[in-house]
>>> print(open('structure_35.txt').read())   # compact mmCIF, C-alpha atoms
# COMPACT_ATOMS: atom_id res chain seq x y z
CA MET A 1 92.42 82.61 76.26
CA ARG A 2 95.64 83.19 78.14
CA LYS A 3 95.76 84.78 81.55
CA PRO A 4 98.06 87.71 80.59
CA GLN A 5 95.62 88.88 77.90
CA ILE A 6 92.75 88.76 80.36
CA LEU A 7 94.78 90.77 82.88
CA GLU A 8 95.70 93.35 80.29
CA ALA A 9 92.03 93.73 79.39
CA ALA A 10 91.11 93.91 83.08
CA ALA A 11 93.65 96.64 83.76
CA ALA A 12 92.35 98.68 80.81
CA VAL A 13 88.67 98.34 81.72
CA ILE A 14 89.26 99.01 85.44
CA THR A 15 91.27 102.12 84.63
CA GLU A 16 88.57 103.43 82.31
CA ARG A 17 85.49 102.70 84.38
CA GLY A 18 86.60 101.97 87.89
CA LEU A 19 86.41 98.64 89.61
CA SER A 20 82.82 98.97 90.77
CA ASN A 21 81.61 99.62 87.22
CA THR A 22 83.60 96.75 85.80
CA ARG A 23 81.78 93.52 85.08
CA ILE A 24 83.40 90.21 84.30
CA ALA A 25 81.53 90.34 80.97
CA ASP A 26 83.19 93.71 80.12
CA VAL A 27 86.63 92.23 80.67
CA ALA A 28 85.71 89.18 78.60
CA GLU A 29 84.50 91.40 75.75
CA ARG A 30 87.67 93.52 75.83
CA ALA A 31 89.85 90.41 75.84
CA GLY A 32 87.81 88.91 72.98
CA THR A 33 86.70 85.93 75.01
CA SER A 34 83.74 84.67 77.04
CA ALA A 35 82.78 85.37 80.64
CA PRO A 36 83.29 81.71 81.62
CA ALA A 37 86.85 81.93 80.26
CA VAL A 38 87.50 84.90 82.57
CA LEU A 39 85.77 83.16 85.46
CA TYR A 40 88.02 80.17 84.90
CA TRP A 41 90.87 82.32 86.26
CA PHE A 42 89.05 84.82 88.49
CA ASP A 43 85.94 84.56 90.63
CA THR A 44 85.53 88.22 91.51
CA ARG A 45 86.39 91.75 90.40
CA GLU A 46 88.59 92.18 93.47
CA GLN A 47 90.70 89.22 92.37
CA LEU A 48 91.00 90.83 88.94
CA LEU A 49 92.30 94.08 90.43
CA THR A 50 94.88 92.30 92.58
CA ALA A 51 95.96 90.12 89.69
CA ALA A 52 96.24 93.14 87.39
CA LEU A 53 98.46 94.88 89.96
CA ILE A 54 100.68 91.81 90.28
CA ALA A 55 100.85 91.63 86.48
CA ASP A 56 101.96 95.28 86.52
CA GLU A 57 104.69 94.41 89.01
CA GLU A 58 105.82 91.55 86.81
CA ASP A 59 105.75 93.75 83.75
CA PHE A 60 107.84 96.36 85.57
CA ALA A 61 110.28 93.63 86.63
CA ALA A 62 110.45 92.38 83.04
CA ARG A 63 111.15 95.88 81.73
CA VAL A 64 113.89 96.81 84.18
CA GLY A 65 114.80 93.49 85.83
CA ALA A 66 117.59 92.51 83.45
CA ARG A 67 119.16 95.96 83.58
CA LEU A 68 118.88 95.99 87.38
CA GLU A 69 120.65 92.64 87.56
CA SER A 70 123.52 93.78 85.39
CA ALA A 71 123.85 97.28 86.90
CA SER A 72 127.29 97.78 88.34
CA SER A 73 126.32 100.05 91.24
CA ALA A 74 123.43 100.80 93.60
CA ALA A 75 123.32 104.35 92.25
CA GLU A 76 122.75 102.97 88.76
CA LYS A 77 119.98 100.67 90.03
CA LEU A 78 118.23 103.53 91.73
CA MET A 79 118.45 105.65 88.60
CA LEU A 80 116.93 102.79 86.59
CA LEU A 81 114.00 102.55 89.02
CA ILE A 82 113.44 106.30 88.91
CA ASP A 83 113.67 106.47 85.11
CA ALA A 84 111.27 103.56 84.61
CA THR A 85 108.70 105.13 86.95
CA VAL A 86 108.92 108.56 85.39
CA ALA A 87 108.54 107.05 81.92
CA GLU A 88 105.38 105.22 83.00
CA PRO A 89 104.00 106.12 86.45
CA ARG A 90 101.27 103.41 86.38
CA ILE A 91 99.52 104.64 89.48
CA ASP A 92 95.93 104.17 88.19
CA LEU A 93 95.42 100.70 89.60
CA TRP A 94 97.04 101.75 92.86
CA ILE A 95 94.56 104.59 93.24
CA GLU A 96 91.79 102.07 92.66
CA LEU A 97 93.26 99.84 95.40
CA TRP A 98 93.67 102.81 97.77
CA ALA A 99 90.04 103.85 97.33
CA ARG A 100 88.95 100.24 97.79
CA SER A 101 91.08 99.94 100.92
CA LEU A 102 89.18 102.79 102.56
CA HIS A 103 86.05 100.66 102.75
CA ASP A 104 87.32 97.08 102.58
CA PRO A 105 89.80 95.56 105.08
CA GLU A 106 90.84 92.76 102.71
CA ALA A 107 91.75 95.34 100.07
CA ALA A 108 93.74 97.22 102.74
CA ARG A 109 95.71 94.06 103.54
CA GLU A 110 96.36 93.47 99.85
CA ARG A 111 97.54 97.08 99.48
CA LEU A 112 100.03 96.57 102.28
CA ARG A 113 101.36 93.36 100.70
CA ARG A 114 101.82 95.05 97.32
CA ASP A 115 103.33 98.18 98.86
CA ARG A 116 105.86 96.10 100.78
CA VAL A 117 106.95 94.47 97.52
CA TRP A 118 107.34 97.90 95.94
CA ARG A 119 109.22 99.40 98.90
CA SER A 120 111.52 96.40 99.24
CA LEU A 121 112.86 97.12 95.73
CA PHE A 122 114.22 100.42 97.06
CA ALA A 123 115.26 99.09 100.46
CA GLU A 124 117.39 96.38 98.81
CA VAL A 125 119.14 98.93 96.64
CA VAL A 126 119.85 101.08 99.70
CA VAL A 127 121.24 98.09 101.63
CA ALA A 128 123.54 97.25 98.69
CA GLY A 129 124.64 100.86 98.28
CA ARG A 130 125.38 101.19 101.97
CA ALA A 131 127.40 97.94 102.02
CA ALA A 132 129.41 99.09 99.01
CA GLY A 133 130.15 102.42 100.64
CA GLU A 134 128.26 104.31 97.93
CA PHE A 135 125.60 105.68 100.30
CA ASP A 136 125.84 107.23 103.74
CA ALA A 137 126.48 104.46 106.30
CA GLY A 138 123.87 105.89 108.69
CA VAL A 139 120.90 105.64 106.27
CA ASP A 140 117.99 103.48 107.45
CA PRO A 141 117.03 101.42 104.35
CA ASP A 142 113.35 101.01 105.26
CA LEU A 143 112.90 104.67 106.07
CA ALA A 144 114.77 105.73 102.94
CA ALA A 145 112.60 103.37 100.88
CA LEU A 146 109.44 104.81 102.44
CA SER A 147 110.58 108.33 101.74
CA ILE A 148 111.53 107.68 98.12
CA ALA A 149 108.44 105.55 97.38
CA SER A 150 106.11 108.07 99.03
CA PHE A 151 107.54 110.99 97.09
CA MET A 152 107.35 108.95 93.89
CA ASP A 153 103.70 108.04 94.51
CA GLY A 154 102.74 111.65 95.25
CA LEU A 155 104.38 112.85 92.04
CA SER A 156 102.92 109.94 90.04
CA VAL A 157 99.40 110.89 91.14
CA GLN A 158 99.90 114.49 90.03
CA MET A 159 101.39 113.46 86.71
CA THR A 160 98.63 110.90 86.08
CA LEU A 161 96.00 113.57 86.76
CA ARG A 162 97.83 115.71 84.15
CA ASP A 163 98.76 118.45 86.60
CA PRO A 164 100.47 120.87 84.20
CA ALA A 165 102.97 121.86 86.91
CA ILE A 166 104.49 118.35 87.07
CA THR A 167 106.34 117.44 83.87
CA PRO A 168 108.30 114.18 83.48
CA GLU A 169 111.55 116.19 83.46
CA LEU A 170 110.70 117.93 86.71
CA MET A 171 109.51 114.69 88.29
CA GLY A 172 112.78 112.92 87.45
CA ASP A 173 114.81 115.87 88.58
CA LEU A 174 112.98 116.17 91.93
CA LEU A 175 113.24 112.43 92.60
CA VAL A 176 116.96 112.33 91.95
CA ALA A 177 117.57 115.37 94.16
CA HIS A 178 115.49 113.84 96.96
CA ALA A 179 117.28 110.48 96.77
CA GLU A 180 120.68 112.18 96.72
CA SER A 181 119.78 114.25 99.74
CA ILE A 182 118.66 111.32 101.92
CA LEU A 183 121.40 108.94 100.76
CA GLY A 184 124.22 111.46 100.97
CA ALA A 185 125.48 110.46 97.55
CA ARG A 186 125.44 111.61 93.96
CA ILE A 187 123.44 109.26 91.73
CA SER A 188 122.51 111.51 88.81
CA GLY A 189 125.48 110.59 86.62
CA ALA A 190 125.20 106.83 87.21
CA LEU A 191 123.46 105.98 83.93
CA ASP A 192 125.68 108.29 81.86
CA ALA A 193 128.73 106.58 83.34
CA GLU A 194 127.36 103.25 82.16
CA ALA A 195 126.81 104.65 78.67
CA VAL A 196 130.38 105.95 78.55
CA GLY A 197 131.74 102.62 79.79
CA ALA A 198 129.72 100.61 77.27
CA MET B 1 74.54 127.43 93.57
CA SER B 2 74.88 129.45 96.72
CA SER B 3 71.57 128.44 98.25
CA GLU B 4 71.46 126.75 101.63
CA THR B 5 69.57 123.79 100.21
CA ALA B 6 72.23 123.14 97.60
CA ASP B 7 74.91 123.34 100.29
CA ARG B 8 73.01 120.90 102.47
CA ILE B 9 72.73 118.44 99.57
CA LEU B 10 76.45 118.76 98.82
CA GLU B 11 77.33 118.24 102.48
CA ALA B 12 75.16 115.10 102.58
CA ALA B 13 76.87 113.83 99.43
CA CYS B 14 80.31 114.43 100.99
CA GLU B 15 79.31 112.49 104.08
CA LEU B 16 78.13 109.54 102.01
CA ILE B 17 81.21 109.59 99.76
CA ALA B 18 83.41 109.48 102.87
CA GLU B 19 81.37 106.68 104.44
CA ASP B 20 80.73 104.38 101.50
CA GLY B 21 83.04 105.37 98.67
CA ILE B 22 82.11 107.51 95.69
CA ASP B 23 81.01 104.59 93.50
CA GLU B 24 78.37 103.52 96.01
CA VAL B 25 76.63 106.88 96.41
CA ARG B 26 73.06 107.06 95.03
CA ILE B 27 70.92 110.16 94.59
CA ALA B 28 68.10 108.71 96.68
CA ARG B 29 70.35 108.26 99.69
CA VAL B 30 71.81 111.75 99.34
CA ALA B 31 68.27 113.15 99.25
CA GLN B 32 67.32 111.14 102.33
CA ARG B 33 70.43 112.28 104.22
CA ALA B 34 69.82 115.92 103.27
CA GLY B 35 66.14 115.71 104.18
CA ALA B 36 65.15 116.60 100.62
CA SER B 37 63.22 114.88 97.85
CA THR B 38 65.06 113.33 94.91
CA SER B 39 63.33 115.79 92.60
CA LEU B 40 64.74 118.67 94.64
CA VAL B 41 68.22 117.17 94.31
CA HIS B 42 67.66 116.89 90.57
CA HIS B 43 66.56 120.51 90.48
CA TYR B 44 70.06 121.56 91.55
CA PHE B 45 72.11 118.75 90.01
CA SER B 46 70.94 117.26 86.74
CA THR B 47 72.99 114.07 87.00
CA ARG B 48 74.57 111.91 89.68
CA GLU B 49 77.98 112.65 88.15
CA GLU B 50 77.45 116.38 88.44
CA LEU B 51 76.34 116.07 92.07
CA LEU B 52 79.39 114.00 93.01
CA GLU B 53 81.81 116.31 91.24
CA GLN B 54 80.26 119.40 92.79
CA ALA B 55 80.37 117.73 96.23
CA LEU B 56 84.13 117.13 95.94
CA ILE B 57 84.73 120.65 94.67
CA HIS B 58 82.60 122.06 97.50
CA SER B 59 84.58 120.15 100.11
CA PHE B 60 88.01 121.22 98.85
CA GLU B 61 87.06 124.83 98.14
CA GLN B 62 85.74 125.12 101.68
CA ALA B 63 88.80 123.51 103.25
CA GLY B 64 91.04 125.64 101.04
CA ASP B 65 89.30 128.88 101.99
CA GLU B 66 89.66 128.09 105.68
CA ARG B 67 93.31 127.22 105.37
CA PHE B 68 94.97 128.99 102.49
CA GLY B 69 93.64 132.48 103.07
CA GLU B 70 95.87 133.49 105.96
CA GLU B 71 98.81 135.85 105.45
CA VAL B 72 102.14 134.77 106.92
CA ALA B 73 103.06 137.25 109.66
CA ALA B 74 106.67 138.47 109.80
CA GLY B 75 109.05 136.03 111.48
CA THR B 76 106.56 133.17 111.80
CA ALA B 77 107.30 131.16 108.65
CA VAL B 78 108.64 128.22 110.68
CA ASP B 79 105.39 128.04 112.64
CA GLY B 80 103.42 128.54 109.43
CA LEU B 81 105.15 125.63 107.74
CA ALA B 82 104.81 123.43 110.83
CA ALA B 83 101.06 124.16 110.78
CA ALA B 84 100.88 123.45 107.04
CA ILE B 85 102.44 120.01 107.56
CA ARG B 86 100.16 119.24 110.48
CA GLU B 87 97.03 120.40 108.69
CA SER B 88 97.85 118.40 105.55
CA LEU B 89 97.93 114.96 107.16
CA PRO B 90 94.97 112.65 107.91
CA TYR B 91 94.62 113.27 111.63
CA PRO B 92 91.42 111.69 112.99
CA GLY B 93 88.33 113.83 112.52
CA GLY B 94 87.82 116.46 109.84
CA GLN B 95 91.23 116.08 108.23
CA GLU B 96 90.79 112.34 107.91
CA ARG B 97 87.47 112.90 106.15
CA GLU B 98 89.04 115.44 103.79
CA TRP B 99 91.69 112.84 102.99
CA VAL B 100 89.11 110.19 102.17
CA LEU B 101 87.49 112.65 99.76
CA TRP B 102 90.91 113.53 98.34
CA VAL B 103 91.56 109.86 97.46
CA GLU B 104 88.06 109.61 95.95
CA LEU B 105 88.90 112.67 93.84
CA TRP B 106 92.03 110.94 92.54
CA LEU B 107 89.95 107.87 91.74
CA ARG B 108 87.37 109.93 89.89
CA ALA B 109 89.85 112.18 88.08
CA VAL B 110 91.79 109.23 86.69
CA ARG B 111 88.67 108.26 84.74
CA GLU B 112 87.04 111.64 84.15
CA PRO B 113 89.24 114.08 82.21
CA ASP B 114 86.72 116.82 83.11
CA LEU B 115 87.73 116.56 86.75
CA ARG B 116 91.45 116.86 86.14
CA PRO B 117 91.45 120.66 85.95
CA VAL B 118 89.66 120.64 89.31
CA ALA B 119 92.44 118.52 90.80
CA ALA B 120 95.09 120.71 89.15
CA ARG B 121 93.50 123.84 90.64
CA MET B 122 93.49 122.27 94.10
CA TYR B 123 97.14 121.32 93.74
CA ASP B 124 97.98 124.80 92.51
CA ARG B 125 96.36 126.44 95.57
CA TYR B 126 98.00 123.92 97.86
CA ARG B 127 101.48 124.49 96.38
CA ARG B 128 101.06 128.27 96.35
CA TRP B 129 100.14 128.13 100.04
CA MET B 130 103.49 126.41 100.73
CA VAL B 131 105.39 128.67 98.33
CA ASP B 132 104.09 131.73 100.20
CA VAL B 133 105.19 130.39 103.58
CA ILE B 134 108.61 129.40 102.24
CA GLU B 135 109.14 132.75 100.50
CA ALA B 136 108.20 134.59 103.69
CA GLY B 137 110.73 132.48 105.61
CA ILE B 138 113.52 133.19 103.14
CA GLU B 139 112.66 136.89 103.26
CA SER B 140 112.79 136.94 107.07
CA GLY B 141 116.01 134.91 107.20
CA GLU B 142 114.33 131.94 108.90
CA PHE B 143 115.08 129.64 105.95
CA ALA B 144 118.35 129.29 104.04
CA ALA B 145 118.91 131.93 101.37
CA GLY B 146 119.08 130.53 97.84
CA THR B 147 116.37 127.95 98.47
CA ASP B 148 114.01 127.49 95.51
CA PRO B 149 110.50 127.89 97.02
CA GLU B 150 108.72 126.19 94.09
CA ARG B 151 110.88 123.08 94.31
CA VAL B 152 110.58 122.78 98.08
CA ALA B 153 106.80 123.27 97.86
CA GLY B 154 106.59 120.60 95.14
CA LEU B 155 108.62 118.28 97.37
CA GLY B 156 106.38 119.00 100.35
CA VAL B 157 103.06 118.52 98.56
CA ALA B 158 103.99 115.24 96.85
CA LEU B 159 105.62 113.85 99.98
CA LEU B 160 102.57 114.75 102.07
CA ASP B 161 100.35 112.94 99.54
CA GLY B 162 102.52 109.83 99.44
CA THR B 163 103.02 109.55 103.21
CA GLY B 164 99.48 110.74 104.01
CA VAL B 165 97.81 108.07 101.91
CA ARG B 166 99.79 105.36 103.72
CA ALA B 167 98.89 106.80 107.12
CA LEU B 168 95.24 107.05 106.06
CA LEU B 169 95.20 103.38 105.10
CA GLY B 170 96.70 102.24 108.41
CA ASP B 171 100.13 101.23 107.15
CA PRO B 172 102.02 99.85 110.19
CA ALA B 173 105.24 101.44 108.89
CA MET B 174 103.71 104.91 108.56
CA ASP B 175 101.20 106.29 111.03
CA VAL B 176 100.28 109.95 110.92
CA GLU B 177 103.02 111.00 113.39
CA ALA B 178 105.67 109.06 111.45
CA ALA B 179 104.45 110.78 108.28
CA ARG B 180 104.78 114.15 109.98
CA GLU B 181 108.31 113.41 111.19
CA LEU B 182 109.38 112.18 107.77
CA VAL B 183 108.05 115.29 105.99
CA ALA B 184 109.49 117.62 108.66
CA GLY B 185 112.88 115.90 108.31
CA VAL B 186 112.99 116.29 104.54
CA LEU B 187 111.70 119.89 104.49
CA GLY B 188 113.88 120.91 107.44
CA ASP B 189 116.96 119.68 105.56
CA ALA B 190 115.86 121.42 102.38
CA LEU B 191 115.36 124.72 104.21
CA GLY B 192 118.44 124.54 106.41
CA ILE B 193 116.62 124.38 109.75
CA ASP B 194 116.36 121.84 112.56
CA PRO B 195 113.47 119.52 111.57
CA LYS B 196 112.29 119.47 115.18
CA ARG B 197 111.21 123.08 114.76
CA LEU B 198 108.65 121.90 112.19
CA LEU B 199 107.06 119.53 114.69
CA THR B 200 105.54 122.11 117.00
>>> encode(input="structure_35.txt", output="structure tokens")
Amino acid sequence: MRKPQILEAAAAVITERGLSNTRIADVAERAGTSAPAVLYWFDTREQLLTAALIADEEDFAARVGARLESASSAAEKLMLLIDATVAEPRIDLWIELWARSLHDPEAARERLRRDRVWRSLFAEVVVAGRAAGEFDAGVDPDLAALSIASFMDGLSVQMTLRDPAITPELMGDLLVAHAESILGARISGALDAEAVGA
Amino acid sequence: MSSETADRILEAACELIAEDGIDEVRIARVAQRAGASTSLVHHYFSTREELLEQALIHSFEQAGDERFGEEVAAGTAVDGLAAAIRESLPYPGGQEREWVLWVELWLRAVREPDLRPVAARMYDRYRRWMVDVIEAGIESGEFAAGTDPERVAGLGVALLDGTGVRALLGDPAMDVEAARELVAGVLGDALGIDPKRLLT
């Protein structure tokens, strides 16, 4: 049994039942394998959660990575990140890690590591956009990344909990407006421009 | 459900959820903490799930009643919004505990569709509280005319959640004061006022 299939099963079971109600045997059953096969890769549930989150990061990178690489501007990169998040907020495992972090210092350290990876995606785009003169020269990349990522997480939670007031359209619209306001630049047309140029 | 005993049981459950995490809470310990027997707890709450859900609802309804009920007096929308920001972040003490329960509600509501309307109702009250303050400020000329109160309230609520959870979890880049400054900066810009006025 390959690791990615086990992680996919782990993510599904954890999301459905919560980490504390997830047994290695449940993950094995979902993945169509045996508990020893799961234990070959992971000793504990906590390791499964962390690995599932990293797999999510990798999956996100695989989905948008190539387009990010080939994007011609920082504005376009930021729009790609916003669009990909709105299309699939994927905050379930994060909520699990947040709740875990409240009572477990190791989980809190892991949360910080993962959050820094997530925030650095935005900070790098801001640095590039500032260097290219696209964004306001006075913008602090780390603070801008914190602001954008925090707003995104808050909206993702509400959308994941099916708050009827937060539709994907509104979420995308609010995120773009927020980013434009703190970066002092228009980004909303960046993807359309690419389509026209293609 | 208005009896004192039921309230005491719910309060005990909230304490244990905040201390140990919702998944670790057992009926027997709630009973012990409330000074009641397990059969008395079962008299009010037929299952553990029901007890935990009612405990979260109890906590947020109570916090909401204390906070959201006040009318905004004429000319004090800036102060009202500053207070709303301050009261929404996980400052040590009662607000920090409310925040822990808030995260446990997210955790629970992801898995239990039955709880999602509860979360949606909380968010609705929370946003309306902000909308009211913002509308009062536009009316009194404190905030820029032409501001969309619903959008700014949506911005405020989601930003408070995203920064608040980081402050709650001890993120070195975002303590509770940094969260407050960030939210005040964004909302101040959106409303056309000096963000410092939202930090009183």
>>> residues_around(input="structure_35.txt", residues="A:Leu155", least_positions_apart="3", cutoff="10 Å", atoms="only C-alpha atoms", output="MDAnalysis selection string")
(chainID A and resid 86 89 91 149:152 158:161 163 166:168 170:172 174:175) or (chainID B and resid 154:155 157:159 161:162)
>>> axis_aligned_box(input="structure_35.txt", around="stretch 31-35 of chain B", padding_each_side="4 Å", output="JSON")
{"center_x": 68.3, "center_y": 113.5, "center_z": 101.7, "size_x": 12.3, "size_y": 12.8, "size_z": 13.0}
>>> closest_atom_pairs(input="structure_35.txt", of="chain A", to="chain B", cutoff="7 Å", atoms="all atoms listed in the file", output="CSV")
residue,atom,partner,partner_atom,distance
A:Thr15,CA,B:Arg111,CA,6.7
A:Glu16,CA,B:Arg111,CA,5.4
A:Arg17,CA,B:Arg111,CA,6.4
A:Ser20,CA,B:Asp23,CA,6.5
A:Asp92,CA,B:Val110,CA,6.7
A:Ile95,CA,B:Leu107,CA,5.9
A:Glu96,CA,B:Leu107,CA,6.2
A:Ala99,CA,B:Val103,CA,6.2
A:Ser101,CA,B:Leu169,CA,6.8
A:Leu102,CA,B:Leu169,CA,6.6
A:His103,CA,B:Asp20,CA,6.6
A:Ala108,CA,B:Leu169,CA,6.8
A:Leu112,CA,B:Asp171,CA,6.7
A:Ser150,CA,B:Gly162,CA,4.0
A:Phe151,CA,B:Leu159,CA,4.5
A:Asp153,CA,B:Gly162,CA,5.4
A:Gly154,CA,B:Ala158,CA,4.1
A:Leu155,CA,B:Ala158,CA,5.4
A:Leu161,CA,B:Arg116,CA,5.6
A:Arg162,CA,B:Arg116,CA,6.8
A:Asp163,CA,B:Ala120,CA,5.0
>>> atom_distance(input="structure_35.txt", atom1="atom CA of A:Trp118", atom2="atom CA of A:Leu7")
19.5 Å
>>> atom_distance(input="structure_35.txt", atom1="atom CA of A:Ala62", atom2="atom CA of A:Glu124")
17.7 Å
>>> residues_around(input="structure_35.txt", residues="B:Arg197", least_positions_apart="2", cutoff="10 Å", atoms="all atoms listed in the file", output="mmCIF file with C-alpha atoms, keeping the file's coordinate frame")
data_model
loop_
_atom_site.group_PDB
_atom_site.id
_atom_site.type_symbol
_atom_site.label_atom_id
_atom_site.label_comp_id
_atom_site.auth_asym_id
_atom_site.auth_seq_id
_atom_site.Cartn_x
_atom_site.Cartn_y
_atom_site.Cartn_z
ATOM 1 C CA VAL B 78 108.640 128.220 110.680
ATOM 2 C CA ASP B 79 105.390 128.040 112.640
ATOM 3 C CA LEU B 81 105.150 125.630 107.740
ATOM 4 C CA ALA B 82 104.810 123.430 110.830
ATOM 5 C CA ALA B 184 109.490 117.620 108.660
ATOM 6 C CA GLY B 185 112.880 115.900 108.310
ATOM 7 C CA GLY B 188 113.880 120.910 107.440
ATOM 8 C CA ILE B 193 116.620 124.380 109.750
ATOM 9 C CA ASP B 194 116.360 121.840 112.560
ATOM 10 C CA PRO B 195 113.470 119.520 111.570
ATOM 11 C CA LEU B 199 107.060 119.530 114.690
ATOM 12 C CA THR B 200 105.540 122.110 117.000
#
>>> closest_atom_pairs(input="structure_35.txt", of="stretch 6-123 of chain A", to="stretch 186-192 of chain A", cutoff="12 Å", atoms="all atoms listed in the file", output="tab-separated table")
residue	atom	partner	partner_atom	distance
A:Arg67	CA	A:Leu191	CA	10.9
A:Leu68	CA	A:Leu191	CA	11.5
A:Ala71	CA	A:Leu191	CA	9.2
A:Ser72	CA	A:Ala190	CA	9.4
A:Ser73	CA	A:Ala190	CA	8.0
A:Ala74	CA	A:Ile187	CA	8.7
A:Ala75	CA	A:Ile187	CA	4.9
A:Glu76	CA	A:Ala190	CA	4.8
A:Lys77	CA	A:Ala190	CA	8.6
A:Leu78	CA	A:Ile187	CA	7.7
A:Met79	CA	A:Leu191	CA	6.9
A:Leu80	CA	A:Leu191	CA	7.7
A:Leu81	CA	A:Leu191	CA	11.3
A:Ile82	CA	A:Ser188	CA	10.5
A:Asp83	CA	A:Leu191	CA	9.9
